[in-house]
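Engineer: Pasting protein23.txt below, which is compact mmCIF, C-alpha atoms and all ligand atoms.
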```txt
# COMPACT_ATOMS: atom_id res chain seq x y z
CA MET G 1 115.06 -52.68 73.34
CA GLY G 2 115.90 -52.85 69.65
CA ALA G 3 114.10 -56.12 68.97
CA LYS G 4 111.54 -56.07 66.16
CA HIS G 5 109.59 -59.25 66.80
CA ILE G 6 109.37 -60.55 70.34
CA VAL G 7 108.04 -63.98 71.32
CA LEU G 8 106.59 -64.41 74.79
CA ILE G 9 106.82 -68.02 75.97
CA ALA G 10 104.52 -69.68 78.50
CA HIS G 11 105.56 -73.14 79.69
CA ILE G 12 104.17 -76.54 78.69
CA ASN G 13 100.69 -77.00 80.22
CA PRO G 14 100.69 -73.37 81.32
CA ASP G 15 99.17 -72.17 84.56
CA ALA G 16 97.72 -68.75 85.41
CA ASP G 17 101.14 -67.50 86.52
CA SER G 18 103.05 -68.33 83.36
CA LEU G 19 100.29 -67.24 81.00
CA GLY G 20 99.32 -64.25 83.17
CA ALA G 21 102.87 -62.89 83.09
CA ALA G 22 103.11 -63.40 79.32
CA SER G 23 99.73 -61.74 78.86
CA ALA G 24 100.70 -58.66 80.89
CA MET G 25 103.93 -58.32 78.93
CA TYR G 26 101.97 -58.72 75.70
CA THR G 27 99.83 -55.69 76.57
CA HIS G 28 102.91 -53.67 77.53
CA LEU G 29 104.74 -54.46 74.26
CA MET G 30 101.64 -53.80 72.18
CA ARG G 31 101.49 -50.35 73.73
CA LEU G 32 105.09 -49.86 72.61
CA GLU G 33 103.90 -50.86 69.12
CA LYS G 34 106.15 -53.91 68.99
CA ARG G 35 105.42 -57.00 66.95
CA VAL G 36 104.63 -59.66 69.56
CA THR G 37 103.72 -63.36 69.48
CA LEU G 38 102.27 -65.14 72.49
CA PHE G 39 103.61 -68.68 72.25
CA CYS G 40 102.84 -71.90 74.09
CA VAL G 41 103.65 -75.34 72.69
CA THR G 42 100.62 -76.95 74.39
CA GLU G 43 97.68 -77.06 71.98
CA HIS G 44 94.93 -77.83 74.47
CA ILE G 45 95.39 -75.24 77.17
CA ASN G 46 93.19 -75.49 80.25
CA HIS G 47 90.09 -73.55 79.28
CA ARG G 48 89.74 -72.10 82.78
CA LEU G 49 92.48 -69.69 81.69
CA ALA G 50 90.41 -68.32 78.80
CA PHE G 51 89.51 -65.25 80.90
CA LEU G 52 93.11 -64.02 80.61
CA PRO G 53 93.56 -61.13 78.19
CA TRP G 54 94.91 -62.26 74.78
CA PHE G 55 94.11 -65.94 75.38
CA ASP G 56 92.82 -66.08 71.79
CA LYS G 57 96.18 -64.77 70.54
CA ILE G 58 98.15 -67.79 71.77
CA ARG G 59 100.10 -69.50 68.96
CA HIS G 60 101.56 -73.00 69.07
CA GLN G 61 104.05 -72.49 66.24
CA PHE G 62 107.26 -70.65 67.11
CA PRO G 63 107.56 -67.72 64.65
CA THR G 64 110.58 -67.93 62.35
CA GLN G 65 111.04 -64.16 62.09
CA ALA G 66 111.44 -63.52 65.82
CA ASP G 67 114.61 -61.82 67.08
CA LEU G 68 114.01 -62.00 70.83
CA ALA G 69 112.22 -64.38 73.20
CA ILE G 70 111.10 -63.93 76.80
CA SER G 71 110.09 -66.96 78.89
CA PHE G 72 107.86 -66.75 81.95
CA ASP G 73 107.76 -69.13 84.92
CA CYS G 74 109.89 -71.77 83.17
CA GLY G 75 112.36 -73.15 85.74
CA ALA G 76 113.90 -75.62 83.32
CA TYR G 77 114.81 -75.04 79.68
CA LYS G 78 112.84 -78.11 78.60
CA ARG G 79 109.67 -76.54 80.05
CA LEU G 80 109.73 -74.14 77.07
CA GLY G 81 108.85 -77.07 74.83
CA VAL G 82 110.88 -75.58 71.97
CA GLU G 83 114.50 -75.03 70.92
CA VAL G 84 115.07 -71.27 71.17
CA THR G 85 117.81 -70.01 68.85
CA VAL G 86 117.23 -66.26 69.35
CA PRO G 87 118.42 -64.30 72.41
CA LEU G 88 116.34 -65.29 75.41
CA ILE G 89 115.28 -63.43 78.56
CA ASN G 90 114.29 -65.79 81.37
CA VAL G 91 111.79 -64.33 83.86
CA ASP G 92 110.99 -66.63 86.78
CA HIS G 93 110.73 -67.21 90.53
CA HIS G 94 111.70 -70.90 90.85
CA LYS G 95 114.69 -71.58 93.08
CA SER G 96 115.62 -74.44 90.75
CA ASN G 97 115.82 -72.14 87.70
CA GLU G 98 118.61 -73.24 85.38
CA ALA G 99 119.47 -69.64 84.33
CA TYR G 100 119.38 -70.73 80.68
CA GLY G 101 118.74 -67.21 79.32
CA GLN G 102 121.16 -64.58 78.01
CA ILE G 103 119.47 -62.41 80.63
CA ASN G 104 118.00 -64.05 83.72
CA LEU G 105 115.51 -62.08 85.79
CA ILE G 106 114.96 -64.53 88.63
CA GLU G 107 113.59 -63.53 92.02
CA THR G 108 113.26 -66.62 94.18
CA LYS G 109 111.59 -64.65 96.98
CA ALA G 110 108.75 -63.62 94.66
CA ILE G 111 105.54 -65.53 95.22
CA SER G 112 104.78 -65.62 91.50
CA THR G 113 106.42 -64.81 88.19
CA THR G 114 103.78 -62.11 87.80
CA GLN G 115 105.27 -60.54 90.95
CA VAL G 116 108.73 -60.49 89.35
CA LEU G 117 107.20 -58.70 86.37
CA PHE G 118 105.11 -56.39 88.59
CA ASN G 119 108.30 -55.37 90.44
CA ALA G 120 110.03 -54.68 87.12
CA PHE G 121 107.11 -52.56 85.88
CA GLU G 122 107.03 -50.61 89.15
CA GLU G 123 110.79 -49.96 89.15
CA ARG G 124 110.56 -48.54 85.64
CA GLY G 125 107.43 -46.49 86.34
CA ILE G 126 105.46 -48.45 83.74
CA LYS G 127 101.75 -47.81 84.07
CA ILE G 128 99.64 -50.91 84.64
CA ASN G 129 96.33 -50.82 82.77
CA PRO G 130 93.28 -52.98 83.70
CA LYS G 131 94.20 -55.80 81.26
CA MET G 132 97.72 -56.02 82.69
CA ALA G 133 96.37 -55.79 86.24
CA THR G 134 94.02 -58.75 85.70
CA ALA G 135 96.77 -60.88 84.17
CA LEU G 136 99.27 -60.06 86.93
CA TYR G 137 96.68 -60.65 89.65
CA ALA G 138 95.76 -64.04 88.15
CA GLY G 139 99.32 -65.31 88.66
CA LEU G 140 99.47 -63.86 92.15
CA LEU G 141 96.14 -65.38 93.19
CA ASP G 142 96.94 -68.81 91.75
CA ASP G 143 100.53 -69.17 92.97
CA SER G 144 99.60 -67.92 96.47
CA HIS G 145 96.73 -70.46 96.52
CA GLY G 146 94.24 -67.69 97.07
CA PHE G 147 96.55 -65.90 99.56
CA LEU G 148 96.57 -68.99 101.78
CA GLY G 149 99.95 -70.44 100.76
CA ALA G 150 103.02 -70.33 102.99
CA LYS G 151 104.81 -67.73 100.84
CA THR G 152 101.98 -65.19 101.24
CA ASP G 153 103.41 -62.05 102.82
CA VAL G 154 103.10 -58.25 103.04
CA ARG G 155 104.31 -57.89 99.47
CA SER G 156 101.54 -60.22 98.21
CA PHE G 157 98.90 -57.96 99.70
CA GLU G 158 100.65 -54.78 98.57
CA MET G 159 100.67 -56.12 95.04
CA ALA G 160 97.02 -57.20 95.32
CA ALA G 161 96.07 -53.71 96.55
CA ALA G 162 97.96 -51.98 93.74
CA LEU G 163 96.41 -54.26 91.10
CA THR G 164 92.92 -53.85 92.52
CA ALA G 165 93.44 -50.08 92.38
CA ALA G 166 94.58 -50.53 88.77
CA LYS G 167 91.19 -52.17 88.08
CA ALA G 168 92.15 -55.84 87.92
CA ASP G 169 89.06 -57.98 87.45
CA ILE G 170 89.56 -59.84 90.73
CA GLN G 171 86.15 -61.53 90.53
CA ALA G 172 86.89 -63.02 87.12
CA CYS G 173 90.18 -64.36 88.49
CA ALA G 174 88.54 -65.86 91.60
CA ASN G 175 85.72 -67.42 89.61
CA ALA G 176 87.95 -68.95 86.96
CA LEU G 177 90.70 -70.16 89.26
CA PHE G 178 88.83 -71.19 92.42
CA HIS G 179 85.07 -71.40 91.90
CA GLN G 180 84.70 -73.37 88.67
CA ASN G 181 84.42 -77.14 88.60
CA SER G 182 83.53 -79.58 85.85
CA LEU G 183 81.51 -82.70 86.58
CA ALA G 184 84.37 -84.79 85.20
CA ALA G 185 86.84 -83.09 87.55
CA LEU G 186 84.62 -83.80 90.57
CA ARG G 187 84.16 -87.44 89.50
CA LEU G 188 87.91 -87.84 89.11
CA LYS G 189 88.46 -86.31 92.53
CA GLY G 190 85.97 -88.82 93.94
CA LEU G 191 87.91 -91.72 92.41
CA MET G 192 91.20 -90.32 93.66
CA PHE G 193 89.99 -89.95 97.24
CA GLU G 194 88.45 -93.43 97.17
CA GLN G 195 91.74 -95.01 96.11
CA MET G 196 94.11 -92.78 98.08
CA TYR G 197 96.09 -94.51 100.80
CA LEU G 198 98.11 -93.45 103.79
CA LEU G 199 101.55 -94.62 104.91
CA HIS G 200 103.86 -94.05 107.87
CA GLU G 201 101.19 -93.36 110.50
CA ALA G 202 99.18 -91.21 108.10
CA ARG G 203 102.08 -88.81 107.55
CA VAL G 204 102.25 -89.72 103.86
CA VAL G 205 99.40 -89.68 101.33
CA VAL G 206 99.71 -91.58 98.07
CA HIS G 207 97.55 -91.07 94.98
CA ARG G 208 98.01 -93.38 92.02
CA VAL G 209 96.01 -92.24 89.02
CA THR G 210 95.68 -94.74 86.19
CA GLN G 211 94.54 -94.15 82.61
CA GLU G 212 91.46 -96.18 83.51
CA MET G 213 90.51 -93.67 86.24
CA MET G 214 91.03 -90.82 83.79
CA ALA G 215 88.86 -92.49 81.15
CA GLN G 216 86.14 -93.53 83.60
CA SER G 217 85.74 -90.00 85.00
CA GLY G 218 86.47 -88.05 81.83
CA GLY G 219 88.71 -85.84 83.96
CA ARG G 220 91.76 -84.08 82.60
CA GLU G 221 95.33 -84.23 83.74
CA VAL G 222 95.16 -80.76 85.32
CA ASP G 223 92.18 -81.85 87.44
CA CYS G 224 94.36 -84.16 89.54
CA GLU G 225 96.22 -81.40 91.34
CA ALA G 226 93.18 -80.25 93.34
CA ALA G 227 92.75 -83.62 95.06
CA LEU G 228 96.46 -83.72 95.82
CA GLU G 229 96.34 -80.26 97.42
CA GLU G 230 93.25 -81.13 99.43
CA SER G 231 94.76 -84.29 100.84
CA MET G 232 97.45 -82.09 102.44
CA GLY G 233 94.66 -80.95 104.79
CA LEU G 234 94.53 -84.29 106.58
CA PRO G 235 95.66 -83.88 110.19
CA HIS G 236 99.01 -85.67 110.19
CA VAL G 237 100.07 -85.41 106.58
CA GLU G 238 103.57 -84.08 105.88
CA LEU G 239 103.94 -85.39 102.34
CA ALA G 240 101.43 -85.99 99.56
CA VAL G 241 102.50 -87.68 96.35
CA MET G 242 100.64 -88.32 93.16
CA LEU G 243 101.74 -90.53 90.29
CA ARG G 244 99.67 -90.44 87.15
CA GLU G 245 99.75 -92.32 83.86
CA ASN G 246 99.49 -89.71 81.14
CA ARG G 247 97.84 -90.39 77.82
CA ASP G 248 101.22 -90.22 76.08
CA GLY G 249 102.52 -93.05 78.29
CA LYS G 250 104.69 -90.80 80.46
CA ILE G 251 104.41 -90.93 84.23
CA LYS G 252 103.81 -87.58 85.89
CA GLY G 253 104.78 -87.14 89.52
CA SER G 254 103.55 -84.32 91.78
CA LEU G 255 104.79 -83.78 95.32
CA ARG G 256 103.57 -81.54 98.13
CA SER G 257 105.01 -81.20 101.62
CA ARG G 258 104.97 -79.13 104.76
CA GLY G 259 107.57 -78.36 107.43
CA ASP G 260 111.20 -79.04 106.63
CA LEU G 261 110.61 -81.73 104.03
CA ASP G 262 112.11 -80.56 100.73
CA VAL G 263 110.21 -82.11 97.80
CA GLU G 264 112.25 -80.21 95.25
CA GLU G 265 115.21 -82.40 96.28
CA MET G 266 112.98 -85.46 95.99
CA ALA G 267 111.85 -84.49 92.47
CA LYS G 268 115.45 -84.07 91.37
CA ASN G 269 115.89 -87.84 91.70
CA PHE G 270 113.58 -88.10 88.70
CA GLY G 271 115.00 -85.15 86.74
CA GLY G 272 112.26 -82.81 87.97
CA GLY G 273 112.18 -79.60 89.99
CA GLY G 274 109.95 -76.93 91.46
CA HIS G 275 109.78 -75.41 94.90
CA PHE G 276 110.60 -76.56 98.44
CA HIS G 277 106.99 -77.50 99.28
CA ALA G 278 105.67 -78.21 95.77
CA ALA G 279 107.54 -80.00 93.01
CA GLY G 280 107.02 -82.33 90.09
CA PHE G 281 108.68 -84.55 87.49
CA ASP G 282 108.04 -86.57 84.34
CA VAL G 283 109.39 -90.04 83.60
CA ASN G 284 109.41 -91.25 80.00
CA ASP G 285 110.62 -94.79 80.04
CA LYS G 286 109.07 -96.51 83.07
CA ASP G 287 105.60 -97.66 84.07
CA LEU G 288 103.68 -96.49 87.12
CA ASP G 289 104.69 -99.43 89.30
CA SER G 290 108.41 -99.07 88.68
CA VAL G 291 108.36 -95.30 89.27
CA TYR G 292 106.42 -95.92 92.46
CA ASP G 293 108.99 -98.48 93.64
CA VAL G 294 111.79 -95.91 93.36
CA LEU G 295 109.68 -93.23 95.03
CA GLU G 296 108.71 -95.58 97.84
CA THR G 297 112.36 -96.23 98.63
CA ILE G 298 113.00 -92.48 98.83
CA ILE G 299 109.96 -92.05 101.10
CA GLN G 300 111.18 -94.92 103.32
CA GLU G 301 114.49 -93.09 103.77
CA GLU G 302 112.71 -89.89 104.86
CA PHE G 303 110.18 -91.48 107.21
CA ARG G 304 111.91 -94.45 108.78
MN MN D 401 104.78 -69.62 89.19
```
Take the structure from the file and write it as structure tokens.
Structural biologist:
Amino acid sequence: MGAKHIVLIAHINPDADSLGAASAMYTHLMRLEKRVTLFCVTEHINHRLAFLPWFDKIRHQFPTQADLAISFDCGAYKRLGVEVTVPLINVDHHKSNEAYGQINLIETKAISTTQVLFNAFEERGIKINPKMATALYAGLLDDSHGFLGAKTDVRSFEMAAALTAAKADIQACANALFHQNSLAALRLKGLMFEQMYLLHEARVVVHRVTQEMMAQSGGREVDCEAALEESMGLPHVELAVMLRENRDGKIKGSLRSRGDLDVEEMAKNFGGGGHFHAAGFDVNDKDLDSVYDVLETIIQEEFR
């Protein structure tokens, strides 16, 4: 690799997988004595992720001197949040990945982007130090939903074993990603469960989150996902949808499903994407009611 200054890109509103993969690569490139910038366009990153190595190195300004960029966990080019004019390597595991890079390292069978990177490190005999192990494990733990998600398999546990042996701080990951809660997040969850409603013989759950609910609870946008995930635990639910009014006026949609219901296809109707059982989208020019009307029609089609 002849590049002199490499930018590692985590996606807009990064999660543990995107930032974990970028963090592990950061350590690797530092060891090679490369000039590296860890970039994410989002200024207020979820502070739960502050345990990740190099969190304090994240920059929100794309460096002008860079001659190579590597994106992690960004299925769509617009998820980068920046126009990239230098050669780009796209590392991801989303089936919907647009293959926008000059090089595309996409493994759709991988449970996390950190697994794609872990595989690449292993193939090349690259030694994984404790910092890298923690970062890679964070993405694995989060994207597998604590090893409970449907994509969890032998490889997930093999990777977990290898990273634990490499001294990943698995307690720090568990605490940050699964055991921490803010009062505001719990209050918001309470509001969401109170206002949630069920359709089609309780096979569909709908959450509508207004700016008023956000303001009343003090909860953040990322806090909404937990309630959505939990509502999938109701006995007959096959589809859970959440529509939220964001502070910037956009409507954010999140979809979860089980069985043979493909929410990635559903999200595509709104220009979104994701995975078969978990997908999302953003709508810029409509209000919550009008987005819901379109979504309701799509749901009617599926469940009539
Ligand atoms: Mn991921």
Engineer: Please put the answer as AutoDock Vina command-line options: centre and edge lengths, in Å with one decimal, of a box along x, y and z that encloses all listed atoms of segment 210-218 of chain G plus 3 Å on each side.
Structural biologist:
```
--center_x 90.7 --center_y -92.1 --center_z 83.7 --size_x 15.9 --size_y 14.1 --size_z 11.1
```
Engineer: So how far away is atom CA of Glu296 of chain G from atom CA of Leu198 of chain G, in Å?
Structural biologist: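 Distance between the two atoms: 12.3 Å.
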Engineer: Which one of G:Ala16, G:Ile298, G:Met232, G:Val263 sits closest to ligand MN 401 (chain D) if you count all atoms listed in the file?
Structural biologist: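 For ligand MN 401 (chain D), the nearest of the candidates is G:Ala16.
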Engineer: Give me the residues within 9 Å of segment 218-229 of chain G as a list in words, counting only C-alpha atoms and dropping any in the same chain fewer than 6 places off.
Structural biologist: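 Within the cut-off, the hits are Asn13, Asn46, Ser182, Leu183, Ala184, Ala185, Leu186, Arg187, Leu188, Lys189, Gly190, Met192, Phe193, Val205, Val206, His207, Val209, Ala240, Val241, Met242, Arg244, Asn246, Arg247, Ser254, Leu255 and Arg256 of chain G.
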Engineer: How many Å lie between atom CA of Ala69 of chain G and atom CA of Ile6 of chain G, rounded to one decimal?
Structural biologist: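 Distance reported for this atom pair: 5.6 Å.
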Engineer: Need to verify the contact set: Asn284 of chain G, 10 Å, only C-alpha atoms, exclusion of same-chain residues closer than 4 positions in sequence. Can you return it as an NGL selection string?
Structural biologist: :G and (248-252)
Engineer: Could those residues be written to a file, using C-alpha atoms, as a tab-separated table (two decimals), keeping the file's coordinate frame?
Structural biologist:
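As written to disk, part_22.tsv reads:
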```tsv
chain	number	residue	atom	x	y	z
G	248	ASP	CA	101.22	-90.22	76.08
G	249	GLY	CA	102.52	-93.05	78.29
G	250	LYS	CA	104.69	-90.80	80.46
G	251	ILE	CA	104.41	-90.93	84.23
G	252	LYS	CA	103.81	-87.58	85.89
```
Engineer: Skipping near chain neighbours, those fewer than 3 positions away, what residues fall within 12 Å of Asn175 of chain G using only C-alpha atoms, listed as a ChimeraX atom specification?
Structural biologist: /G:48-51,138,141-142,146,169-172,178-181
Engineer: List every protein, DNA or RNA residue that has at least one atom no more than 8 Å from (107.0, -68.4, 71.3) in the file's coordinates, counting all atoms listed in the file, and write the result as an NGL selection string.
Structural biologist: :G and (7-10 or 37-41 or 59-63 or 69)
Engineer: Using all atoms listed in the file, can you tell me which of G:Asp293, G:Glu123, G:Asp15, G:Glu107 comes closest to Leu52 of chain G?
Structural biologist: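 Smallest distance to Leu52 of chain G is found for G:Asp15.
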Engineer: If we count only C-alpha atoms, what is near Met159 of chain G at a cut-off of 9 Å, once residues fewer than 5 positions away on the same chain are taken out, given as number ranges by chain?
Structural biologist: G: 115, 118-119, 137, 140, 154, 164
Engineer: Rounded to one decimal place, report the atom CA of Glu301 of chain G-atom CA of Thr108 of chain G distance in Å.
Structural biologist: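 Calculated distance between atom CA of Glu301 of chain G and atom CA of Thr108 of chain G is 28.2 Å.
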Engineer: Which polymer residues have any atom within 12 Å of an atom of Ala278 of chain G, counting only C-alpha atoms, with same-chain residues fewer than 3 positions away left out, as a PyMOL selection string?
Structural biologist: chain G and resi 94-96+143-145+149-151+225+228-229+232+238-242+253-259+261-267+272-275+281
Engineer: Distance limit 6 Å, reference ligand MN 401 (chain D), atoms considered: all atoms listed in the file. Which residues make the cut? Give them as a list in words.
Structural biologist: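 The neighbouring residues of ligand MN 401 (chain D) are, in order, Asp17, Asp73, Ser112, Thr113 and Asp143 of chain G.
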Engineer: Under the rule that only C-alpha atoms are counted, which of G:Asp153, G:Glu245, G:Asp282, G:Glu201 is the nearest residue to Lys78 of chain G?
Structural biologist: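 Using only C-alpha atoms, Lys78 of chain G sits closest to G:Asp282.
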Engineer: Of the residues G:Asp289, G:Glu98, G:Glu212, G:Asp92, which is the one nearest to Val116 of chain G, using all atoms listed in the file?
Structural biologist: G:Asp92
Engineer: I'd like to know which of G:Lys109, G:Lys131, G:His200, G:His11 is closest to Lys167 of chain G, using all atoms listed in the file.
Structural biologist: G:Lys131
